[in-house]
Structure formats: structure tokens, C-alpha cells
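Q: model.tsv (TSV, C-alpha atoms) pasted underneath:
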```tsv
chain	number	residue	atom	x	y	z
A	1	MET	CA	6.14	-44.14	-85.89
A	2	LEU	CA	2.80	-42.93	-87.20
A	3	ILE	CA	0.24	-41.35	-84.89
A	4	ARG	CA	-3.35	-40.78	-86.00
A	5	ARG	CA	-4.47	-37.16	-86.06
A	6	ALA	CA	-7.15	-37.69	-83.39
A	7	VAL	CA	-4.61	-39.30	-81.06
A	8	ALA	CA	-2.04	-36.56	-81.79
A	9	GLU	CA	-4.65	-33.95	-80.89
A	10	ALA	CA	-5.31	-35.76	-77.61
A	11	ILE	CA	-1.57	-35.84	-76.86
A	12	ALA	CA	-1.38	-32.10	-77.60
A	13	ALA	CA	-4.30	-31.56	-75.21
A	14	GLY	CA	-2.59	-33.63	-72.52
A	15	THR	CA	-5.32	-36.27	-72.29
A	16	VAL	CA	-3.18	-39.02	-73.84
A	17	ARG	CA	0.38	-39.61	-72.61
A	18	VAL	CA	1.17	-43.13	-73.80
A	19	GLN	CA	1.16	-45.25	-76.93
A	20	TYR	CA	1.70	-48.97	-77.55
A	21	ARG	CA	3.38	-50.57	-80.55
A	22	ARG	CA	4.42	-54.10	-81.51
A	23	TRP	CA	7.82	-54.07	-83.21
A	24	GLY	CA	10.48	-56.69	-83.76
A	25	LYS	CA	13.02	-53.99	-82.86
A	26	ARG	CA	12.48	-50.59	-81.26
A	27	ARG	CA	11.85	-48.00	-83.95
A	28	VAL	CA	12.18	-44.91	-81.78
A	29	LYS	CA	14.39	-43.87	-78.91
A	30	VAL	CA	13.97	-41.48	-76.01
A	31	GLY	CA	14.06	-37.92	-77.31
A	32	THR	CA	12.77	-38.75	-80.80
A	33	TRP	CA	10.59	-36.02	-82.36
A	34	ILE	CA	7.58	-37.31	-84.27
A	35	HIS	CA	6.11	-34.80	-86.71
A	36	THR	CA	2.31	-34.85	-86.87
A	37	PRO	CA	-0.33	-32.54	-88.39
A	38	VAL	CA	-0.84	-30.91	-84.96
A	39	GLY	CA	2.81	-30.41	-84.06
A	40	VAL	CA	5.75	-32.32	-82.63
A	41	ILE	CA	5.24	-35.33	-80.35
A	42	VAL	CA	8.24	-36.18	-78.16
A	43	VAL	CA	9.15	-39.70	-77.00
A	44	ASP	CA	9.87	-39.42	-73.27
A	45	ALA	CA	10.35	-43.09	-72.36
A	46	ILE	CA	10.01	-46.54	-73.90
A	47	THR	CA	9.77	-49.90	-72.14
A	48	GLU	CA	8.84	-53.42	-73.17
A	49	VAL	CA	5.58	-54.74	-71.69
A	50	ASP	CA	3.77	-58.06	-71.54
A	51	PRO	CA	0.78	-57.62	-73.90
A	52	THR	CA	-1.28	-60.11	-71.90
A	53	THR	CA	-1.27	-57.70	-68.94
A	54	LEU	CA	-2.79	-54.78	-70.89
A	55	THR	CA	-6.25	-53.70	-69.77
A	56	ASP	CA	-9.07	-51.54	-71.08
A	57	ASP	CA	-7.75	-48.75	-68.84
A	58	ASP	CA	-4.35	-48.99	-70.56
A	59	ALA	CA	-6.06	-48.81	-73.93
A	60	ARG	CA	-8.14	-45.77	-72.98
A	61	ALA	CA	-4.99	-44.04	-71.69
A	62	ALA	CA	-3.56	-44.55	-75.19
A	63	GLY	CA	-6.62	-43.08	-76.91
A	64	GLU	CA	-8.30	-46.38	-77.82
A	65	THR	CA	-11.75	-47.57	-76.75
A	66	SER	CA	-10.72	-51.01	-75.48
A	67	VAL	CA	-7.77	-53.36	-75.21
A	68	ALA	CA	-9.25	-55.39	-78.07
A	69	GLN	CA	-9.19	-52.28	-80.25
A	70	LEU	CA	-5.65	-51.52	-79.12
A	71	ARG	CA	-4.45	-55.01	-80.04
A	72	LYS	CA	-6.21	-54.81	-83.38
A	73	GLY	CA	-3.87	-51.99	-84.31
A	74	PHE	CA	-0.72	-53.97	-83.56
A	75	ARG	CA	1.45	-54.77	-86.57
A	76	GLY	CA	4.24	-57.29	-86.99
A	77	ALA	CA	4.48	-60.93	-85.92
A	78	ASP	CA	2.51	-62.21	-82.95
A	79	GLY	CA	5.72	-62.99	-81.07
A	80	ASP	CA	7.25	-59.54	-81.52
A	81	PRO	CA	7.73	-57.43	-78.37
A	82	VAL	CA	5.13	-54.83	-77.39
A	83	TRP	CA	6.47	-51.45	-76.33
A	84	ARG	CA	4.96	-48.85	-74.02
A	85	ILE	CA	5.93	-45.42	-75.33
A	86	GLU	CA	5.44	-42.40	-73.07
A	87	VAL	CA	4.87	-39.25	-75.12
A	88	SER	CA	4.26	-35.53	-74.67
A	89	TYR	CA	3.51	-32.54	-76.86
A	90	GLY	CA	6.62	-30.70	-77.98
A	91	GLY	CA	4.95	-27.70	-79.59
A	92	GLU	CA	4.37	-26.48	-83.11
A	93	ASP	CA	6.32	-28.17	-85.89
A	94	PRO	CA	9.42	-25.95	-86.43
A	95	ARG	CA	9.25	-26.70	-90.15
A	96	ILE	CA	6.13	-24.51	-90.36
A	97	ALA	CA	8.08	-21.36	-89.55
A	98	LEU	CA	10.94	-22.55	-91.74
A	99	ARG	CA	8.81	-23.06	-94.85
A	100	GLU	CA	7.21	-19.63	-94.48
A	101	ASP	CA	10.61	-17.93	-94.38
A	102	ASP	CA	11.32	-16.89	-97.97
A	103	ALA	CA	13.39	-13.81	-97.08
A	104	LEU	CA	16.58	-15.61	-98.02
A	105	THR	CA	19.97	-14.03	-98.50
A	106	ASP	CA	22.09	-14.96	-101.50
A	107	ASP	CA	24.20	-17.20	-99.24
A	108	GLU	CA	21.11	-18.95	-97.85
A	109	LEU	CA	19.77	-19.51	-101.35
A	110	ALA	CA	23.11	-20.91	-102.46
A	111	SER	CA	23.24	-23.21	-99.43
A	112	LEU	CA	19.74	-24.60	-100.04
A	113	ARG	CA	20.42	-25.11	-103.73
A	114	ALA	CA	23.66	-26.92	-102.88
A	115	LYS	CA	21.73	-29.27	-100.57
A	116	VAL	CA	19.23	-30.09	-103.32
A	117	ASP	CA	22.10	-30.53	-105.80
A	118	ALA	CA	23.74	-32.94	-103.33
A	119	MET	CA	20.57	-35.06	-103.12
A	120	ASP	CA	20.68	-35.44	-106.89
A	121	ALA	CA	24.42	-36.09	-106.95
A	122	ARG	CA	24.14	-38.93	-104.41
A	123	ALA	CA	21.27	-40.64	-106.23
A	124	ASP	CA	21.62	-43.22	-109.01
A	125	SER	CA	19.09	-41.14	-110.91
A	126	PRO	CA	18.60	-37.41	-110.07
A	127	TRP	CA	15.21	-36.75	-108.51
A	128	ALA	CA	15.25	-33.75	-106.15
A	129	TRP	CA	14.92	-30.83	-108.57
A	130	ALA	CA	12.54	-32.83	-110.75
A	131	THR	CA	10.34	-33.48	-107.70
A	132	LEU	CA	10.26	-29.81	-106.72
A	133	GLU	CA	9.32	-28.81	-110.27
A	134	LEU	CA	6.67	-31.53	-110.39
A	135	ILE	CA	5.07	-30.40	-107.12
A	136	ARG	CA	5.18	-26.78	-108.26
A	137	ASP	CA	3.39	-27.61	-111.51
A	138	HIS	CA	0.97	-30.16	-110.00
A	139	PRO	CA	-0.07	-29.17	-106.46
A	140	ALA	CA	-2.71	-31.16	-104.56
A	141	VAL	CA	-2.15	-34.32	-106.61
A	142	LEU	CA	-1.98	-37.77	-104.99
A	143	ALA	CA	1.54	-38.88	-104.10
A	144	ALA	CA	1.05	-42.11	-106.05
A	145	ASP	CA	0.13	-40.16	-109.18
A	146	LEU	CA	3.06	-37.78	-108.79
A	147	GLY	CA	5.44	-40.66	-108.23
A	148	ALA	CA	4.15	-42.40	-111.33
A	149	ARG	CA	5.12	-39.36	-113.41
A	150	LEU	CA	8.71	-39.96	-112.31
A	151	GLY	CA	8.47	-43.73	-112.62
A	152	LEU	CA	8.54	-44.19	-108.84
A	153	GLU	CA	6.38	-46.22	-106.47
A	154	ARG	CA	4.49	-44.24	-103.82
A	155	ASP	CA	6.60	-45.77	-101.03
A	156	VAL	CA	9.76	-44.48	-102.72
A	157	PHE	CA	8.37	-41.08	-103.68
A	158	LYS	CA	6.93	-40.06	-100.28
A	159	PRO	CA	10.16	-40.44	-98.24
A	160	ARG	CA	11.95	-38.36	-100.85
A	161	VAL	CA	9.39	-35.58	-100.50
A	162	ARG	CA	9.88	-35.73	-96.71
A	163	ARG	CA	13.58	-34.97	-97.24
A	164	LEU	CA	12.61	-31.84	-99.17
A	165	LYS	CA	10.05	-30.99	-96.50
A	166	ALA	CA	12.79	-31.16	-93.86
A	167	LEU	CA	14.48	-28.26	-95.69
A	168	GLY	CA	11.22	-26.29	-95.56
A	169	LEU	CA	10.72	-26.51	-99.33
A	170	THR	CA	7.40	-28.38	-99.48
A	171	GLU	CA	4.28	-28.76	-97.37
A	172	SER	CA	1.68	-31.49	-97.22
A	173	LEU	CA	-1.95	-30.89	-98.11
A	174	ARG	CA	-4.92	-33.14	-97.37
A	175	VAL	CA	-4.23	-34.51	-100.83
A	176	GLY	CA	-0.72	-34.20	-102.21
A	177	TYR	CA	1.69	-31.35	-101.70
A	178	ARG	CA	2.60	-27.85	-102.75
A	179	LEU	CA	5.78	-25.81	-102.63
A	180	SER	CA	6.15	-23.64	-99.56
A	181	PRO	CA	6.98	-19.94	-99.98
A	182	ARG	CA	10.59	-20.93	-99.23
A	183	GLY	CA	10.45	-23.66	-101.87
A	184	GLU	CA	8.96	-21.28	-104.43
A	185	ARG	CA	11.85	-18.89	-103.85
A	186	VAL	CA	14.47	-21.62	-104.25
A	187	VAL	CA	12.94	-23.11	-107.40
A	188	GLU	CA	12.45	-19.67	-108.96
A	189	ALA	CA	16.09	-18.77	-108.27
A	190	ALA	CA	17.23	-22.03	-109.86
A	191	ARG	CA	15.04	-21.41	-112.89
A	192	ARG	CA	16.41	-17.89	-113.34
A	193	THR	CA	19.96	-19.17	-113.16
A	194	GLY	CA	19.17	-21.86	-115.68
A	195	GLU	CA	17.63	-19.34	-118.06
A	196	GLN	CA	20.68	-17.10	-117.75
A	197	ALA	CA	23.01	-20.02	-118.43
A	198	ASP	CA	21.03	-20.92	-121.57
A	199	SER	CA	21.00	-17.36	-122.94
A	200	PRO	CA	23.71	-16.20	-125.42
A	201	THR	CA	25.07	-13.75	-122.84
A	202	GLY	CA	24.50	-16.02	-119.85
A	203	HIS	CA	27.12	-17.70	-117.70
A	204	ASP	CA	27.41	-21.32	-116.76
A	205	ARG	CA	26.41	-22.09	-113.12
A	206	SER	CA	29.86	-23.50	-112.45
```
Once you've parsed the file, please lay out its structure as C-alpha cells.

A:
Amino acid sequence: MLIRRAVAEAIAAGTVRVQYRRWGKRRVKVGTWIHTPVGVIVVDAITEVDPTTLTDDDARAAGETSVAQLRKGFRGADGDPVWRIEVSYGGEDPRIALREDDALTDDELASLRAKVDAMDARADSPWAWATLELIRDHPAVLAADLGARLGLERDVFKPRVRRLKALGLTESLRVGYRLSPRGERVVEAARRTGEQADSPTGHDRS
């Protein structure tokens, strides 16, 4: 569930407490955390409503100027249910503190590297380490352009980056991404290990 920045800011300020969406099936449940540029938005309740009963007051309560504008933003088929989603501000995105934490112990580094290794191991074609290296070498580049370098469509590339972001390894910019301090530490540790393994006196990672 995407929430525009202006609406997210209004939710954080407490002036907007509800959203409306048209979905064939509910895409969120009570308690869901929605990550936005201004912090975490929490889903407090969700109920189906008759869209013909919505008024301009309902639209303004959702951060829109009119019910016509609200309906214009609906996606999906005309016959799909419309949902009233009560929301509140849950505070700063916890991933912000996570990505700034680069004071990692050897065990924490090993755990993070194992998680990235597992992403590659589960994939038909390894992508996780390559994506981290790509973002490190090409910060602030459009997601579509980065994905193209790996032969991936934007809609495939972006969800993969979000998985790395959930580990605190990347952060979004207005355009593209960059590695977080935590991500820099993890990639640098992996590079050092790789260089040691390749050297005549080095040891294999296994």
C-alpha cells in the first residue's frame, strides 16, 4: 500500500487518520506497518464501504480535496470492493537506526553475510551481492537503469533492493539508492575476504 509523501506527513501530524483503496482483495491487515519517507504508518482498522456513500468530507479526512479526486485515485476494476483504512503514525522508521549502525561484531557481520548469501542461494540467478556492489559503485542512479545493468526490469529490481533495505544495507535517495554505513561495512568485509581467498596465502571462505 503506497501513501504519497504529503499524505504521510499529514498522518504523522495527526490531521489525516483514514485512507480509502479499491482492491479485489484486502492487501493489508490490522497491525501492518507501512514504511514511508516520514516514518512508519500503522493500519489500525480496515472495513469495506459502499463507495456511493462517500462524501467530500470523507475525502478531505483522507487528505484529498474532493470525493471526485478521491475516486480518481482508485485502482482496479469498477466492481472491486472499496476499503476504509484507519491509520496512525507509528514513529520513525526503525530501519534508519539500523542502517546507521556499522559497529558490527564479527558474529553480526557473519550473520548479515549469511543472509545475503542465502538470498543468492535461493535465487535461480544470484543477485544480492551483485546488487550491493552495483549500488556501491553507482549511487543515485535510477532504479530502471541499475536494473538494466543486471538484465532486470525495474519492477523486479526494486523489490529486491527493498529486501536488502530491510537488513539495513541500503537507503533510498530522491533518485536511486546508496549503501548505508552498515551496508558499506558488510560489502567491505566481503571484499576483504574475497581478496584474501584469491591471494596465494589466503584461505577459502568455506

Q: In terms of the shortest atom-to-atom distance over all atoms listed in the file, which of A:Glu171, A:Glu184, A:Asp57, A:Asp102 is closest to Asp137 (chain A)?

A: A:Glu184

Q: So that I can see what lies close to Val161 (chain A), please list as a PyMOL selection string the residues with an atom at most 10 Å from it, counting only C-alpha atoms and leaving out residues fewer than 5 positions away in the same chain.

A: chain A and resi 127-128+131-132+135+143+156+166+169-172+177

Q: Report, in Å with one decimal, the straight-line distance from CA of Arg154 (chain A) to CA of Leu70 (chain A).

A: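 One can read the CA of Arg154 (chain A) to CA of Leu70 (chain A) distance as 27.7 Å.
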
Q: So which one's closest to Gly73 (chain A), A:Arg22, A:Arg60, A:Arg185, A:Arg17? Using only C-alpha atoms, please.

A: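 Residue with the minimum atom-to-atom distance to Gly73 (chain A): A:Arg22.
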
Q: Could you state the separation of CA of Tyr20 (chain A) and CA of Asp80 (chain A) in Å, given to one decimal place?

A: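 CA of Asp80 (chain A) lies at a distance of 12.6 Å from CA of Tyr20 (chain A).
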
Q: What is the distance between CA of Val40 (chain A) and CA of Ala110 (chain A), in Å to one decimal?

A: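 One can read the CA of Val40 (chain A) to CA of Ala110 (chain A) distance as 28.7 Å.
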
Q: Determine the nearest neighbour of Gly63 (chain A) from the options A:Glu9, A:Glu92, A:Glu153, A:Asp145, counting all atoms listed in the file.

A: A:Glu9

Q: Using all atoms listed in the file, determine which residues lie at most 9 Å from Lys29 (chain A), disregarding the query and same-chain residues fewer than 5 positions distant; provide the list as a list in words.

A: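 Contacts, with the query itself left out: Val43, Asp44, Ala45 and Ile46 of chain A.
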
Q: Would you pick out the contacts of Lys72 (chain A) at 12 Å or less, using only C-alpha atoms, so that residues sharing its chain but fewer than 5 positions from it are not included, and give the list as a ChimeraX atom specification?

A: /A:20-22,59,64-67,78

Q: Find the residues near Leu173 (chain A): any atom within 9 Å, counting all atoms listed in the file, skip ones fewer than 3 places away on the same chain, and give them as a VMD selection string.

A: chain A and resid 139 to 140 176 to 178

Q: Would you put the residues from that selection into a file with C-alpha atoms, as an mmCIF file, in the frame of the given file?

A:
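As written to disk, selection-v6.cif reads:
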```cif
data_model
loop_
_atom_site.group_PDB
_atom_site.id
_atom_site.type_symbol
_atom_site.label_atom_id
_atom_site.label_comp_id
_atom_site.auth_asym_id
_atom_site.auth_seq_id
_atom_site.Cartn_x
_atom_site.Cartn_y
_atom_site.Cartn_z
ATOM 1 C CA PRO A 139 -0.070 -29.170 -106.460
ATOM 2 C CA ALA A 140 -2.710 -31.160 -104.560
ATOM 3 C CA GLY A 176 -0.720 -34.200 -102.210
ATOM 4 C CA TYR A 177 1.690 -31.350 -101.700
ATOM 5 C CA ARG A 178 2.600 -27.850 -102.750
#
```

Q: Between A:Glu100, A:Val187, A:Phe74, A:Gly194, which residue has the minimum interatomic distance to Ala130 (chain A), considering all atoms listed in the file?

A: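 Using all atoms listed in the file, the shortest distance to Ala130 (chain A) belongs to A:Val187.
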
Q: So, with all atoms listed in the file as the atoms that count, which of A:Ala62, A:Val87, A:Ala68, A:Met1 lies closest to Val30 (chain A)?

A: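 Answer, going by the shortest atom-to-atom distance: A:Val87.
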
Q: My list of candidates is A:Gly79, A:Gly168, A:Gly147, A:Pro37. Which is closest to Arg182 (chain A) when distances are computed with only C-alpha atoms?

A: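 With only C-alpha atoms as the atom set, the closest residue is A:Gly168.
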
Q: Please report, as AutoDock Vina command-line options, the centre and edge lengths in Å to one decimal of an axis-aligned box covering all listed atoms of region 151-156 of chain A with 3 Å per side.

A:
```
--center_x 7.1 --center_y -45.0 --center_z -106.8 --size_x 11.3 --size_y 8.5 --size_z 17.6
```

Q: Where atoms are missing, can you supply N, CA, C and O atoms for region 141-164 of chain A and output the lot as a PDB file, in the coordinates of the input?

A:
```pdb
ATOM      1  N   VAL A 141      -1.988 -33.084-105.840  1.00  0.00           N
ATOM      2  CA  VAL A 141      -2.150 -34.320-106.610  1.00  0.00           C
ATOM      3  C   VAL A 141      -1.662 -35.473-105.747  1.00  0.00           C
ATOM      4  O   VAL A 141      -0.657 -35.350-105.029  1.00  0.00           O
ATOM      5  N   LEU A 142      -2.349 -36.607-105.790  1.00  0.00           N
ATOM      6  CA  LEU A 142      -1.980 -37.770-104.990  1.00  0.00           C
ATOM      7  C   LEU A 142      -0.514 -38.130-105.168  1.00  0.00           C
ATOM      8  O   LEU A 142       0.029 -38.096-106.276  1.00  0.00           O
ATOM      9  N   ALA A 143       0.134 -38.511-104.059  1.00  0.00           N
ATOM     10  CA  ALA A 143       1.540 -38.880-104.100  1.00  0.00           C
ATOM     11  C   ALA A 143       1.791 -40.024-105.089  1.00  0.00           C
ATOM     12  O   ALA A 143       2.794 -40.026-105.805  1.00  0.00           O
ATOM     13  N   ALA A 144       0.878 -40.987-105.128  1.00  0.00           N
ATOM     14  CA  ALA A 144       1.050 -42.110-106.050  1.00  0.00           C
ATOM     15  C   ALA A 144       1.050 -41.641-107.498  1.00  0.00           C
ATOM     16  O   ALA A 144       1.834 -42.138-108.330  1.00  0.00           O
ATOM     17  N   ASP A 145       0.195 -40.675-107.807  1.00  0.00           N
ATOM     18  CA  ASP A 145       0.130 -40.160-109.180  1.00  0.00           C
ATOM     19  C   ASP A 145       1.361 -39.329-109.517  1.00  0.00           C
ATOM     20  O   ASP A 145       1.890 -39.407-110.633  1.00  0.00           O
ATOM     21  N   LEU A 146       1.838 -38.537-108.561  1.00  0.00           N
ATOM     22  CA  LEU A 146       3.060 -37.780-108.790  1.00  0.00           C
ATOM     23  C   LEU A 146       4.246 -38.707-108.985  1.00  0.00           C
ATOM     24  O   LEU A 146       5.060 -38.526-109.896  1.00  0.00           O
ATOM     25  N   GLY A 147       4.345 -39.712-108.117  1.00  0.00           N
ATOM     26  CA  GLY A 147       5.440 -40.660-108.230  1.00  0.00           C
ATOM     27  C   GLY A 147       5.448 -41.375-109.574  1.00  0.00           C
ATOM     28  O   GLY A 147       6.505 -41.590-110.172  1.00  0.00           O
ATOM     29  N   ALA A 148       4.249 -41.701-110.049  1.00  0.00           N
ATOM     30  CA  ALA A 148       4.150 -42.400-111.330  1.00  0.00           C
ATOM     31  C   ALA A 148       4.711 -41.557-112.474  1.00  0.00           C
ATOM     32  O   ALA A 148       5.277 -42.087-113.442  1.00  0.00           O
ATOM     33  N   ARG A 149       4.588 -40.248-112.375  1.00  0.00           N
ATOM     34  CA  ARG A 149       5.120 -39.360-113.410  1.00  0.00           C
ATOM     35  C   ARG A 149       6.644 -39.440-113.476  1.00  0.00           C
ATOM     36  O   ARG A 149       7.250 -39.142-114.512  1.00  0.00           O
ATOM     37  N   LEU A 150       7.255 -39.818-112.348  1.00  0.00           N
ATOM     38  CA  LEU A 150       8.710 -39.960-112.310  1.00  0.00           C
ATOM     39  C   LEU A 150       9.146 -41.423-112.380  1.00  0.00           C
ATOM     40  O   LEU A 150      10.329 -41.732-112.236  1.00  0.00           O
ATOM     41  N   GLY A 151       8.165 -42.307-112.571  1.00  0.00           N
ATOM     42  CA  GLY A 151       8.470 -43.730-112.620  1.00  0.00           C
ATOM     43  C   GLY A 151       8.812 -44.326-111.274  1.00  0.00           C
ATOM     44  O   GLY A 151       9.567 -45.295-111.187  1.00  0.00           O
ATOM     45  N   LEU A 152       8.236 -43.754-110.194  1.00  0.00           N
ATOM     46  CA  LEU A 152       8.540 -44.190-108.840  1.00  0.00           C
ATOM     47  C   LEU A 152       7.292 -44.713-108.143  1.00  0.00           C
ATOM     48  O   LEU A 152       6.200 -44.176-108.325  1.00  0.00           O
ATOM     49  N   GLU A 153       7.469 -45.741-107.320  1.00  0.00           N
ATOM     50  CA  GLU A 153       6.380 -46.220-106.470  1.00  0.00           C
ATOM     51  C   GLU A 153       6.121 -45.189-105.370  1.00  0.00           C
ATOM     52  O   GLU A 153       7.017 -44.430-104.967  1.00  0.00           O
ATOM     53  N   ARG A 154       4.880 -45.175-104.877  1.00  0.00           N
ATOM     54  CA  ARG A 154       4.490 -44.240-103.820  1.00  0.00           C
ATOM     55  C   ARG A 154       5.417 -44.344-102.614  1.00  0.00           C
ATOM     56  O   ARG A 154       5.811 -43.330-102.031  1.00  0.00           O
ATOM     57  N   ASP A 155       5.782 -45.577-102.219  1.00  0.00           N
ATOM     58  CA  ASP A 155       6.600 -45.770-101.030  1.00  0.00           C
ATOM     59  C   ASP A 155       8.037 -45.301-101.214  1.00  0.00           C
ATOM     60  O   ASP A 155       8.776 -45.178-100.227  1.00  0.00           O
ATOM     61  N   VAL A 156       8.451 -45.073-102.439  1.00  0.00           N
ATOM     62  CA  VAL A 156       9.760 -44.480-102.720  1.00  0.00           C
ATOM     63  C   VAL A 156       9.637 -42.964-102.808  1.00  0.00           C
ATOM     64  O   VAL A 156      10.476 -42.221-102.292  1.00  0.00           O
ATOM     65  N   PHE A 157       8.562 -42.516-103.442  1.00  0.00           N
ATOM     66  CA  PHE A 157       8.370 -41.080-103.680  1.00  0.00           C
ATOM     67  C   PHE A 157       8.151 -40.312-102.379  1.00  0.00           C
ATOM     68  O   PHE A 157       8.767 -39.256-102.153  1.00  0.00           O
ATOM     69  N   LYS A 158       7.293 -40.813-101.487  1.00  0.00           N
ATOM     70  CA  LYS A 158       6.930 -40.060-100.280  1.00  0.00           C
ATOM     71  C   LYS A 158       8.127 -39.791 -99.364  1.00  0.00           C
ATOM     72  O   LYS A 158       8.287 -38.652 -98.887  1.00  0.00           O
ATOM     73  N   PRO A 159       9.003 -40.769 -99.085  1.00  0.00           N
ATOM     74  CA  PRO A 159      10.160 -40.440 -98.240  1.00  0.00           C
ATOM     75  C   PRO A 159      11.066 -39.395 -98.872  1.00  0.00           C
ATOM     76  O   PRO A 159      11.691 -38.602 -98.160  1.00  0.00           O
ATOM     77  N   ARG A 160      11.135 -39.374-100.195  1.00  0.00           N
ATOM     78  CA  ARG A 160      11.950 -38.360-100.850  1.00  0.00           C
ATOM     79  C   ARG A 160      11.353 -36.965-100.649  1.00  0.00           C
ATOM     80  O   ARG A 160      12.080 -35.998-100.391  1.00  0.00           O
ATOM     81  N   VAL A 161      10.037 -36.869-100.736  1.00  0.00           N
ATOM     82  CA  VAL A 161       9.390 -35.580-100.500  1.00  0.00           C
ATOM     83  C   VAL A 161       9.622 -35.136 -99.050  1.00  0.00           C
ATOM     84  O   VAL A 161       9.818 -33.948 -98.773  1.00  0.00           O
ATOM     85  N   ARG A 162       9.626 -36.092 -98.117  1.00  0.00           N
ATOM     86  CA  ARG A 162       9.880 -35.730 -96.710  1.00  0.00           C
ATOM     87  C   ARG A 162      11.266 -35.119 -96.529  1.00  0.00           C
ATOM     88  O   ARG A 162      11.458 -34.244 -95.678  1.00  0.00           O
ATOM     89  N   ARG A 163      12.232 -35.554 -97.324  1.00  0.00           N
ATOM     90  CA  ARG A 163      13.580 -34.970 -97.240  1.00  0.00           C
ATOM     91  C   ARG A 163      13.549 -33.512 -97.707  1.00  0.00           C
ATOM     92  O   ARG A 163      14.241 -32.668 -97.137  1.00  0.00           O
ATOM     93  N   LEU A 164      12.760 -33.224 -98.708  1.00  0.00           N
ATOM     94  CA  LEU A 164      12.610 -31.840 -99.170  1.00  0.00           C
ATOM     95  C   LEU A 164      11.820 -31.020 -98.146  1.00  0.00           C
ATOM     96  O   LEU A 164      12.109 -29.846 -97.925  1.00  0.00           O
TER      97      LEU A 164
END
```
